[in-house]
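Shown below: model.cif, with mmCIF, C-alpha atoms.
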```cif
data_upload
#
loop_
_atom_site.label_atom_id
_atom_site.label_comp_id
_atom_site.auth_asym_id
_atom_site.auth_seq_id
_atom_site.Cartn_x
_atom_site.Cartn_y
_atom_site.Cartn_z
CA MET A 1 -15.43 77.17 -44.33
CA THR A 2 -13.24 74.39 -42.97
CA ALA A 3 -9.80 73.61 -44.35
CA GLU A 4 -11.22 70.36 -45.74
CA ASP A 5 -14.05 72.15 -47.54
CA GLU A 6 -11.59 74.61 -48.96
CA GLU A 7 -9.24 71.90 -50.16
CA ALA A 8 -12.13 70.12 -51.86
CA LEU A 9 -12.96 73.32 -53.72
CA VAL A 10 -9.33 73.73 -54.73
CA VAL A 11 -9.22 70.16 -56.05
CA ARG A 12 -12.38 70.70 -58.07
CA SER A 13 -10.99 73.99 -59.36
CA LEU A 14 -7.80 72.25 -60.44
CA ALA A 15 -9.98 69.91 -62.47
CA GLY A 16 -11.40 72.94 -64.25
CA ASP A 17 -14.57 73.42 -62.20
CA GLN A 18 -15.17 77.16 -62.40
CA ARG A 19 -18.15 76.97 -60.07
CA ALA A 20 -15.93 75.57 -57.35
CA PHE A 21 -13.51 78.40 -57.86
CA GLY A 22 -16.47 80.76 -57.72
CA GLU A 23 -17.16 79.50 -54.21
CA LEU A 24 -13.59 80.32 -53.23
CA VAL A 25 -14.13 83.80 -54.67
CA SER A 26 -17.33 84.22 -52.66
CA THR A 27 -15.59 83.09 -49.49
CA HIS A 28 -12.60 85.38 -49.68
CA GLN A 29 -13.62 88.34 -51.82
CA GLN A 30 -14.70 90.65 -49.02
CA VAL A 31 -11.62 90.21 -46.86
CA LEU A 32 -9.23 90.47 -49.78
CA PHE A 33 -11.05 93.46 -51.21
CA ASN A 34 -10.80 95.21 -47.85
CA VAL A 35 -7.09 94.45 -47.54
CA ALA A 36 -6.56 95.95 -50.98
CA LEU A 37 -8.78 98.91 -50.15
CA ARG A 38 -6.84 99.69 -46.96
CA MET A 39 -3.52 99.23 -48.73
CA LEU A 40 -4.50 101.42 -51.68
CA ASN A 41 -7.24 103.78 -50.43
CA ASP A 42 -9.02 103.60 -53.77
CA ARG A 43 -12.04 101.40 -54.46
CA GLU A 44 -11.39 101.03 -58.17
CA ASP A 45 -7.75 100.13 -57.67
CA ALA A 46 -8.77 97.73 -54.90
CA ARG A 47 -11.30 96.09 -57.16
CA ASP A 48 -8.80 95.73 -60.01
CA VAL A 49 -6.10 94.35 -57.75
CA THR A 50 -8.41 91.86 -56.06
CA GLN A 51 -9.87 90.65 -59.34
CA THR A 52 -6.38 90.28 -60.76
CA ALA A 53 -5.34 88.26 -57.72
CA PHE A 54 -8.24 85.85 -58.21
CA LEU A 55 -7.52 85.55 -61.92
CA LYS A 56 -3.85 84.82 -61.27
CA ALA A 57 -4.80 82.30 -58.62
CA TRP A 58 -7.02 80.51 -61.14
CA GLN A 59 -4.30 80.53 -63.77
CA LYS A 60 -1.56 79.38 -61.41
CA LEU A 61 -3.56 77.05 -59.22
CA HIS A 62 -1.40 74.11 -60.25
CA ALA A 63 1.50 75.86 -58.47
CA TYR A 64 -0.40 76.22 -55.19
CA ASP A 65 1.06 74.11 -52.37
CA ARG A 66 -1.99 72.52 -50.76
CA ARG A 67 -0.21 72.08 -47.46
CA ASN A 68 -0.89 75.78 -46.91
CA ARG A 69 -4.24 77.50 -46.67
CA PHE A 70 -5.59 78.89 -49.90
CA PHE A 71 -6.10 82.25 -48.25
CA SER A 72 -2.41 82.54 -47.37
CA TRP A 73 -1.46 81.88 -50.96
CA ILE A 74 -3.89 84.26 -52.58
CA TYR A 75 -3.15 86.90 -49.95
CA ARG A 76 0.48 86.97 -51.10
CA ILE A 77 -0.64 87.30 -54.70
CA LEU A 78 -2.92 90.15 -53.70
CA LEU A 79 -0.23 91.91 -51.72
CA ASN A 80 2.21 91.76 -54.61
CA GLU A 81 -0.41 93.20 -56.91
CA ALA A 82 -1.18 95.97 -54.43
CA LEU A 83 2.49 96.85 -54.03
CA ASN A 84 2.90 96.96 -57.80
CA THR A 85 -0.04 99.33 -58.01
CA LEU A 86 1.49 101.56 -55.36
CA ARG A 87 4.80 101.64 -57.23
CA ARG A 88 3.04 102.66 -60.43
CA ARG A 89 1.04 105.26 -58.53
CA ARG A 90 4.16 106.80 -57.00
CA ARG A 91 5.46 107.39 -60.46
CA LEU A 92 2.25 109.08 -61.52
CA GLU A 93 1.22 111.40 -58.73
CA PRO A 94 2.47 112.87 -55.49
CA LEU A 95 0.97 111.28 -52.41
CA ASP A 96 0.00 114.65 -51.01
CA GLU A 97 -2.52 115.14 -53.80
CA ARG A 98 -4.22 111.90 -52.93
CA LEU A 99 -4.32 112.81 -49.28
CA ALA A 100 -5.35 116.39 -49.69
CA SER A 101 -8.59 117.47 -48.09
CA PRO A 102 -9.03 121.04 -49.21
CA GLU A 103 -12.48 121.67 -47.85
CA ARG A 104 -12.07 121.23 -44.10
CA SER A 105 -9.25 121.10 -41.60
CA PRO A 106 -8.34 117.80 -39.93
CA GLU A 107 -9.80 119.07 -36.66
CA GLU A 108 -13.10 119.91 -38.34
CA ARG A 109 -13.20 116.52 -40.00
CA ALA A 110 -12.41 114.76 -36.73
CA GLU A 111 -15.22 116.61 -35.03
CA ALA A 112 -17.53 115.68 -37.88
CA ASN A 113 -17.03 112.00 -37.13
CA GLU A 114 -14.85 111.38 -40.15
CA ILE A 115 -12.42 109.40 -38.06
CA GLY A 116 -12.58 106.45 -40.42
CA GLY A 117 -11.44 108.57 -43.35
CA ILE A 118 -8.70 110.20 -41.33
CA VAL A 119 -7.44 106.83 -40.14
CA GLN A 120 -7.35 105.59 -43.72
CA GLU A 121 -5.37 108.62 -44.76
CA GLY A 122 -3.06 108.06 -41.82
CA LEU A 123 -2.52 104.49 -42.92
CA MET A 124 -1.47 105.79 -46.32
CA GLU A 125 1.23 107.86 -44.67
CA LEU A 126 2.78 104.73 -43.20
CA GLY A 127 5.21 102.61 -45.15
CA THR A 128 3.67 99.52 -46.69
CA GLU A 129 5.34 97.19 -44.18
CA HIS A 130 3.77 98.94 -41.20
CA ARG A 131 0.46 99.45 -42.99
CA GLN A 132 0.23 95.79 -43.82
CA VAL A 133 0.63 94.54 -40.26
CA ILE A 134 -1.86 97.06 -38.92
CA ILE A 135 -4.40 95.93 -41.50
CA LEU A 136 -3.84 92.29 -40.62
CA ARG A 137 -4.08 92.89 -36.90
CA HIS A 138 -6.88 95.43 -36.69
CA PHE A 139 -9.06 94.64 -39.69
CA LEU A 140 -8.49 90.91 -40.13
CA HIS A 141 -7.93 90.37 -36.40
CA LEU A 142 -5.07 87.93 -36.94
CA SER A 143 -2.81 86.91 -34.08
CA HIS A 144 0.91 87.64 -34.18
CA ARG A 145 1.59 84.04 -35.15
CA GLU A 146 -1.02 84.05 -37.90
CA MET A 147 0.41 87.25 -39.27
CA ALA A 148 3.93 85.83 -39.16
CA ASN A 149 2.82 82.74 -41.08
CA LEU A 150 0.93 84.78 -43.61
CA ILE A 151 3.68 87.19 -44.48
CA ASN A 152 6.47 84.69 -43.89
CA LEU A 153 8.36 86.65 -41.27
CA PRO A 154 9.47 85.83 -37.71
CA GLU A 155 6.85 86.60 -35.10
CA LYS A 156 9.27 88.94 -33.40
CA THR A 157 9.63 91.00 -36.57
CA VAL A 158 5.89 91.16 -37.01
CA LYS A 159 5.41 92.43 -33.44
CA SER A 160 8.13 95.01 -33.89
CA ARG A 161 6.53 96.29 -37.08
CA LEU A 162 3.11 96.37 -35.49
CA TYR A 163 4.32 98.31 -32.47
CA THR A 164 6.22 100.80 -34.57
CA GLY A 165 3.29 101.15 -36.93
CA ARG A 166 0.95 101.98 -34.07
CA GLN A 167 3.38 104.52 -32.70
CA LEU A 168 3.67 106.20 -36.07
CA LEU A 169 -0.06 106.12 -36.66
CA GLY A 170 -0.64 107.61 -33.22
CA GLY A 171 1.55 110.55 -34.13
CA ILE A 172 -0.19 111.00 -37.45
CA LEU A 173 -3.63 110.95 -35.88
CA ARG A 174 -2.55 113.47 -33.28
CA ARG A 175 -1.33 115.79 -36.01
CA ARG A 176 -4.60 115.34 -37.80
CA GLY A 177 -6.62 116.42 -34.84
CA VAL A 178 -7.85 113.10 -33.47
CA ARG A 179 -7.88 113.73 -29.72
CA PRO A 180 -7.90 111.20 -26.91
CA THR A 181 -11.42 110.41 -25.75
CA MET B 182 10.44 108.03 -18.76
CA ILE B 183 9.12 105.28 -21.03
CA ASP B 184 11.56 102.60 -22.07
CA ASP B 185 11.30 99.79 -24.58
CA ARG B 186 10.10 97.41 -21.93
CA ASP B 187 7.19 99.69 -21.01
CA GLU B 188 6.28 100.02 -24.67
CA ARG B 189 6.33 96.25 -25.15
CA LEU B 190 4.20 95.72 -22.06
CA LEU B 191 1.65 98.26 -23.23
CA GLN B 192 1.41 96.80 -26.73
CA ASP B 193 1.26 93.22 -25.45
CA GLU B 194 -1.62 94.24 -23.22
CA LEU B 195 -3.33 95.85 -26.16
CA ASP B 196 -2.99 92.66 -28.20
CA GLY B 197 -4.07 90.46 -25.31
CA VAL B 198 -0.79 88.56 -25.21
CA ALA B 199 0.69 89.91 -21.97
CA SER B 200 1.97 87.29 -19.56
CA PRO B 201 0.80 87.37 -15.91
CA GLU B 202 4.19 88.72 -14.92
CA GLY B 203 4.04 91.34 -17.63
CA SER B 204 0.56 92.42 -16.58
CA LYS B 205 1.69 92.79 -12.99
CA ARG B 206 4.71 94.82 -14.05
CA LEU B 207 2.51 97.03 -16.23
CA ARG B 208 0.09 97.71 -13.37
CA GLU B 209 3.04 98.80 -11.27
CA ARG B 210 4.39 101.06 -13.99
CA LEU B 211 0.98 102.62 -14.61
CA ALA B 212 0.71 103.43 -10.94
CA GLN B 213 4.18 104.97 -10.90
CA SER B 214 4.39 106.92 -14.15
CA ALA B 215 2.13 109.55 -15.69
CA GLU B 216 4.06 109.13 -18.93
CA VAL B 217 3.21 105.46 -19.13
CA ARG B 218 -0.44 106.28 -18.45
CA ALA B 219 -0.40 108.89 -21.22
CA ARG B 220 1.25 106.47 -23.60
CA ARG B 221 -1.38 103.85 -22.84
CA GLN B 222 -4.10 106.40 -23.52
CA GLU B 223 -2.55 107.23 -26.88
CA LEU B 224 -2.37 103.57 -27.90
CA GLN B 225 -5.99 103.09 -26.88
CA ARG B 226 -6.90 106.10 -28.99
CA VAL B 227 -5.20 104.56 -32.01
CA THR B 228 -7.05 101.30 -31.48
CA ARG B 229 -10.40 103.02 -31.07
CA ALA B 230 -9.77 105.03 -34.22
CA LEU B 231 -8.90 101.87 -36.15
CA ASP B 232 -12.07 100.24 -34.86
CA GLN B 233 -14.07 102.97 -36.57
CA VAL B 234 -12.88 101.91 -39.99
CA ARG B 235 -15.59 99.56 -41.21
CA MET B 236 -15.25 96.55 -43.45
CA GLU B 237 -16.73 97.43 -46.81
CA GLU B 238 -18.62 95.21 -49.18
CA ALA B 239 -16.92 94.28 -52.42
CA PRO B 240 -18.64 95.85 -55.46
CA ALA B 241 -21.89 94.11 -56.32
CA ASP B 242 -20.62 92.77 -59.64
CA PHE B 243 -17.22 91.82 -58.29
CA LYS B 244 -17.59 88.05 -58.53
CA GLU B 245 -19.24 88.32 -61.91
CA GLY B 246 -16.19 90.21 -63.16
CA VAL B 247 -13.80 87.59 -61.79
CA MET B 248 -15.75 84.72 -63.33
CA ALA B 249 -15.92 86.48 -66.71
CA ALA B 250 -12.17 87.02 -66.65
CA ILE B 251 -11.62 83.38 -65.75
CA ALA B 252 -13.88 82.22 -68.56
CA ALA B 253 -11.92 84.33 -71.01
CA ALA B 254 -8.52 83.24 -69.79
CA GLU B 255 -8.06 79.52 -69.66
CA ARG B 256 -5.64 78.24 -67.09
CA PRO B 257 -2.49 76.94 -68.79
CA SER B 258 -1.21 73.48 -68.14
CA PRO B 259 2.28 73.73 -66.64
CA ALA B 260 3.91 71.69 -69.38
CA ARG B 261 2.41 73.50 -72.30
CA ALA B 262 1.93 77.01 -71.10
CA GLY B 263 2.63 79.93 -73.31
CA TRP B 264 2.49 78.47 -76.77
CA LEU B 265 -0.69 79.83 -78.21
CA GLY B 266 -1.30 82.67 -75.84
CA ASN B 267 1.91 84.59 -76.18
CA PRO B 268 3.38 84.54 -79.63
CA GLY B 269 5.65 87.45 -78.80
CA GLY B 270 7.03 85.62 -75.80
CA ALA B 271 7.51 82.51 -77.85
CA SER B 272 9.54 84.39 -80.41
CA ARG B 273 11.70 85.79 -77.65
CA ARG B 274 12.39 82.30 -76.44
CA ARG B 275 13.08 81.19 -79.96
CA PRO B 276 14.79 84.01 -81.83
CA ALA B 277 14.35 82.25 -85.15
CA LEU B 278 10.66 83.03 -84.89
CA ALA B 279 11.14 86.67 -84.24
CA TRP B 280 10.57 87.63 -87.83
CA ALA B 281 7.26 85.89 -88.23
CA TYR B 282 4.88 87.67 -85.92
CA PRO B 283 5.75 91.32 -86.44
CA PHE B 284 6.22 90.79 -90.13
CA LEU B 285 2.88 89.18 -90.68
CA ALA B 286 1.07 91.37 -88.22
CA GLY B 287 2.31 94.36 -90.14
CA ALA B 288 0.83 92.91 -93.27
CA VAL B 289 -2.68 93.56 -92.02
CA SER B 290 -2.59 97.23 -92.82
CA GLY B 291 -0.88 96.55 -96.06
CA GLY B 292 -3.44 94.05 -97.23
CA LEU B 293 -1.86 91.43 -99.39
CA LEU B 294 1.35 90.01 -97.96
CA ILE B 295 2.46 87.15 -100.10
CA ALA B 296 0.42 86.10 -103.07
CA LEU B 297 1.49 82.67 -104.08
CA VAL B 298 -1.78 80.90 -104.20
CA THR B 299 -2.34 78.44 -106.97
CA GLY B 300 -4.60 75.49 -107.64
CA ASN B 301 -8.27 74.82 -107.81
CA LEU B 302 -10.18 76.30 -104.89
CA ALA B 303 -13.59 75.02 -105.89
CA PRO B 304 -15.30 73.60 -102.81
CA ARG B 305 -16.45 70.04 -102.56
CA ALA B 306 -18.99 68.61 -100.18
CA ARG B 307 -18.74 70.17 -96.73
CA THR B 308 -17.74 67.85 -93.90
CA ASP B 309 -17.27 68.56 -90.21
CA LEU B 310 -15.22 65.99 -88.34
CA PRO B 311 -15.31 66.31 -84.59
CA VAL B 312 -11.94 65.60 -83.02
CA SER B 313 -10.34 66.25 -79.71
CA GLY B 314 -7.92 68.82 -80.99
CA ALA B 315 -5.49 67.41 -78.49
CA MET B 316 -2.59 67.61 -80.90
CA LEU B 317 -2.79 71.35 -80.80
CA PRO B 318 -0.59 73.05 -78.25
CA GLY B 319 -2.16 74.41 -75.13
CA SER B 320 -2.94 78.05 -74.59
CA ASP B 321 -2.33 80.21 -71.59
CA ARG B 322 -4.88 82.69 -72.82
CA GLY B 323 -8.24 81.99 -74.24
CA THR B 324 -10.96 79.42 -73.81
CA LEU B 325 -11.47 76.62 -76.28
CA VAL B 326 -14.65 77.30 -78.24
CA ASP B 327 -14.67 74.87 -81.13
CA HIS B 328 -12.45 72.33 -82.88
CA ARG B 329 -12.52 70.32 -86.07
CA GLU B 330 -10.36 67.94 -88.00
CA LEU B 331 -10.33 67.74 -91.79
CA ARG B 332 -8.87 64.77 -93.64
CA LEU B 333 -8.31 64.78 -97.34
CA GLY B 334 -6.36 61.83 -98.66
CA THR B 335 -3.25 61.67 -96.54
CA ALA B 336 -3.57 65.29 -95.55
CA ARG B 337 -4.93 66.13 -92.14
CA VAL B 338 -5.52 69.47 -90.49
CA ALA B 339 -6.71 69.99 -86.95
CA LEU B 340 -8.23 73.34 -86.11
CA GLU B 341 -9.43 75.03 -82.97
CA THR B 342 -10.85 78.39 -82.06
CA ARG B 343 -10.18 80.00 -78.73
CA ARG B 344 -11.87 83.02 -77.25
CA ALA B 345 -9.49 85.41 -75.56
CA VAL B 346 -9.89 88.85 -74.07
CA ASP B 347 -8.44 90.47 -77.15
CA GLY B 348 -10.34 88.48 -79.74
CA VAL B 349 -10.16 85.06 -81.31
CA ARG B 350 -7.25 82.72 -81.88
CA VAL B 351 -7.51 80.11 -84.59
CA GLY B 352 -4.97 77.34 -84.09
CA PHE B 353 -4.10 75.01 -86.93
CA ASP B 354 -1.97 71.90 -87.29
CA LEU B 355 -1.25 70.70 -90.82
CA ALA B 356 0.12 67.18 -91.17
CA GLN B 357 1.13 65.12 -94.18
CA ALA B 358 -0.17 67.78 -96.47
CA PRO B 359 2.68 69.03 -98.68
CA GLY B 360 1.37 71.70 -100.99
CA ALA B 361 -1.91 71.92 -99.14
CA GLU B 362 -3.68 75.21 -98.91
CA LEU B 363 -5.76 76.23 -95.93
CA THR B 364 -8.13 79.14 -96.30
CA MET B 365 -10.03 80.84 -93.49
CA GLU B 366 -12.85 83.21 -94.31
CA PHE B 367 -14.85 85.35 -91.96
CA ASP B 368 -17.17 88.36 -91.85
CA ILE B 369 -15.03 91.49 -92.11
CA ALA B 370 -17.54 93.37 -90.00
CA ALA B 371 -16.99 90.93 -87.13
CA LEU B 372 -13.36 89.82 -87.27
CA GLN B 373 -10.15 91.39 -88.43
CA PRO B 374 -6.87 89.54 -88.88
CA VAL B 375 -4.12 91.03 -86.76
CA GLY B 376 -1.36 88.50 -87.03
CA LEU B 377 -0.10 85.03 -87.68
CA TRP B 378 2.43 82.96 -85.86
CA TRP B 379 4.01 79.77 -87.12
CA GLU B 380 5.39 77.46 -84.49
CA ARG B 381 8.07 76.22 -86.85
CA PRO B 382 8.82 78.64 -89.64
CA GLY B 383 9.82 76.83 -92.76
CA ARG B 384 8.54 76.41 -96.23
CA GLN B 385 5.25 78.13 -95.60
CA GLN B 386 3.50 81.01 -97.20
CA ALA B 387 0.74 83.21 -95.92
CA GLU B 388 -1.62 85.80 -97.22
CA LEU B 389 -3.72 87.98 -94.96
CA GLU B 390 -6.50 90.08 -96.40
CA ALA B 391 -9.66 91.58 -95.01
CA GLY B 392 -11.99 88.64 -94.56
CA THR B 393 -9.50 85.98 -95.63
CA VAL B 394 -6.38 84.29 -94.37
CA ARG B 395 -4.71 81.90 -96.79
CA LEU B 396 -1.93 79.55 -95.70
CA ARG B 397 0.13 77.23 -97.82
CA ALA B 398 2.52 74.68 -96.40
CA MET B 399 5.10 72.59 -98.22
CA GLU B 400 5.74 70.65 -95.04
CA ASP B 401 4.02 69.96 -91.75
CA GLY B 402 3.37 73.08 -89.76
CA ARG B 403 1.24 74.53 -87.07
CA GLY B 404 0.54 77.98 -85.82
CA THR B 405 -2.06 80.51 -84.81
CA VAL B 406 -4.01 83.18 -86.61
CA LEU B 407 -4.94 86.07 -84.36
CA LEU B 408 -8.23 87.82 -85.09
CA SER B 409 -9.54 90.86 -83.28
CA ALA B 410 -13.26 90.93 -82.56
CA LEU B 411 -14.99 93.99 -83.96
CA ARG B 412 -18.39 93.26 -82.48
CA ALA B 413 -20.07 90.92 -80.05
CA GLY B 414 -21.61 87.69 -81.25
CA ASP B 415 -20.69 84.28 -82.56
CA ALA B 416 -18.77 85.12 -85.71
CA LEU B 417 -18.07 82.06 -87.85
CA VAL B 418 -14.75 81.11 -89.38
CA ARG B 419 -15.20 79.11 -92.60
CA VAL B 420 -12.20 76.92 -93.24
CA ARG B 421 -11.33 75.24 -96.51
CA LEU B 422 -8.59 72.69 -96.99
CA HIS B 423 -7.42 72.21 -100.55
CA HIS B 424 -5.04 69.39 -101.33
CA ALA B 425 -4.22 67.31 -104.39
CA GLY B 426 -7.08 68.69 -106.41
CA ASP B 427 -9.75 68.15 -103.75
CA SER B 428 -11.14 70.41 -101.11
CA LEU B 429 -13.05 70.12 -97.88
CA GLU B 430 -14.79 72.72 -95.74
CA ALA B 431 -15.72 73.20 -92.12
CA VAL B 432 -17.20 75.96 -90.01
CA LEU B 433 -15.87 76.89 -86.60
CA HIS B 434 -17.67 78.97 -84.02
CA THR B 435 -15.89 81.71 -82.13
CA ALA B 436 -18.51 82.91 -79.65
CA THR B 437 -16.58 86.15 -79.64
CA VAL B 438 -17.50 88.60 -76.95
CA GLY B 439 -16.59 91.67 -78.96
CA PRO B 440 -14.54 94.67 -77.99
CA GLY B 441 -17.10 96.14 -75.61
CA ARG B 442 -16.61 93.69 -72.77
#
```
Structure rendered as structure tokens:
Amino acid sequence: MTAEDEEALVVRSLAGDQRAFGELVSTHQQVLFNVALRMLNDREDARDVTQTAFLKAWQKLHAYDRRNRFFSWIYRILLNEALNTLRRRRRLEPLDERLASPERSPEERAEANEIGGIVQEGLMELGTEHRQVIILRHFLHLSHREMANLINLPEKTVKSRLYTGRQLLGGILRRRGVRPT
Amino acid sequence: MIDDRDERLLQDELDGVASPEGSKRLRERLAQSAEVRARRQELQRVTRALDQVRMEEAPADFKEGVMAAIAAAERPSPARAGWLGNPGGASRRRPALAWAYPFLAGAVSGGLLIALVTGNLAPRARTDLPVSGAMLPGSDRGTLVDHRELRLGTARVALETRRAVDGVRVGFDLAQAPGAELTMEFDIAALQPVGLWWERPGRQQAELEAGTVRLRAMEDGRGTVLLSALRAGDALVRVRLHHAGDSLEAVLHTATVGPGR
């Protein structure tokens, strides 16, 4: 979808056209859902957070600055919602319980091609700042500049967080039995 | 020994942003240092592992859920947000109102709150007058379902029903109707009164019972009756305006979605 198409949908949505907003939902739901899923490691939480982000976007659309891309705006809404969910979760349960895998050792899981699950668990061990930039770079394939614009930070800071995040994740994966191939 | 410069060169290469000079320097360092080669291998391992995490589809009914939530929660206009949708918030902004909502909401369980109803309630011919309802304040929660205006002599009352996630909101605006009585009746199996909020508390009286809400105003006033939906369906709210010995009726739809959704 071009920026012009997206702006037209936003304008129609501002006029109360729910079908137009539905098209914005269709366009962005998968990416936003996956960001939430990787931030939260829970499909139900990710669904709730993403739906809440869309609902808030609809309700606050009059406050959206159309000089920016719609995705950038709703991404920030989503991220705030995800961080709020993580804060609530920290109060409710220890992280170790969520990460526990009682049935098999990390090495056994790695050998059983469960790398994806181990990586997700490793992401959850990172702080949210490092997790976020890794998600943006490796799952959304954004450039450093795009990431900097999206999260409103200097490009240098984004690169630094990304590099540190990869270093930390590398250590976590090594501990969890993911060997170099 | 790996220094910060090596690390930056390795990560820039990984992200495809290394300059020609940086690439040349990295090739030299890789040739010289086993540590740099090992570090590069580790970074490549991280990248390959991340590549194995697949994008997942959003749940099949995801969009449907979003659109249902949007339909149930009207977007507020910036200038009028928060009046109808958040009576508690309104009372915080205006402490003088603080008594009204909890007091009247508490009356639900107690049944009769204030019984000061007098006059002849016999209905006259029923009349529905379509109006815009624009004089009613906006809502930041709930979708407009129906609206009516009743005129009886000089008295005028505008009414609207809004569907919200927690039930139905009936907004009313009484004008030039001193001593007028406004009665709302509904099926007790479908709707239950849970509260009443006056925008401007003054010389008004209210009575909330199962199946009936009765309001009496000695001066202009507007507010909202909050009804919880006990079942799905389009429960009707029958409204009767009584003023100066005459009365007028109207029926408003609620299109309530019930507590199950």
* List every protein, DNA or RNA residue with an atom no more than 6 Å from (-4.9, 85.1, -55.7) in the file's coordinates, counting all atoms listed in the file, and format the result as a ChimeraX atom specification. => /A:53-54,56-57,74,77-78
* At what distance in Å, to one decimal, does CA of Phe70 in chain A lie from CA of Met39 in chain A? ->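 Pair CA of Met39 in chain A / CA of Phe70 in chain A returns 20.5 Å.
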* To do: Find the residues in chain B near chain A: any atom within 10 Å counts, using all atoms listed in the file. Write them as JSON, numbers by chain.
  => {"B": [188, 189, 191, 192, 193, 196, 197, 198, 219, 220, 222, 223, 224, 225, 226, 227, 228, 229, 230, 231, 232, 233, 234, 235, 236, 237, 238, 239, 240, 243, 244, 245, 246, 247, 248, 249, 250, 251, 252, 254, 255, 256, 257, 258, 259, 321, 322]}
* **Residues in the PyMOL selection byres ((chain A and resi 83) around 12), expressed as number ranges by chain** => A: 35-36, 39-40, 45-46, 49, 76-82, 84-90, 127-129, 131-132
Any chance you could resolve the PyMOL selection byres ((chain B and resi 419) around 6) against this file and give the residues as a PDB file with C-alpha atoms, keeping the file's coordinate frame?
```
ATOM      1  CA  MET B 365     -10.030  80.840 -93.490  1.00  0.00           C
ATOM      2  CA  GLU B 366     -12.850  83.210 -94.310  1.00  0.00           C
ATOM      3  CA  VAL B 418     -14.750  81.110 -89.380  1.00  0.00           C
ATOM      4  CA  VAL B 420     -12.200  76.920 -93.240  1.00  0.00           C
ATOM      5  CA  ALA B 431     -15.720  73.200 -92.120  1.00  0.00           C
ATOM      6  CA  VAL B 432     -17.200  75.960 -90.010  1.00  0.00           C
TER       7      VAL B 432
END
```
* Write out as a PyMOL selection string each polymer residue whose atoms come within 9 Å of Ala370 in chain B, counting all atoms listed in the file; drop sequence neighbours fewer than 4 positions from it. => chain B and resi 392+410-412
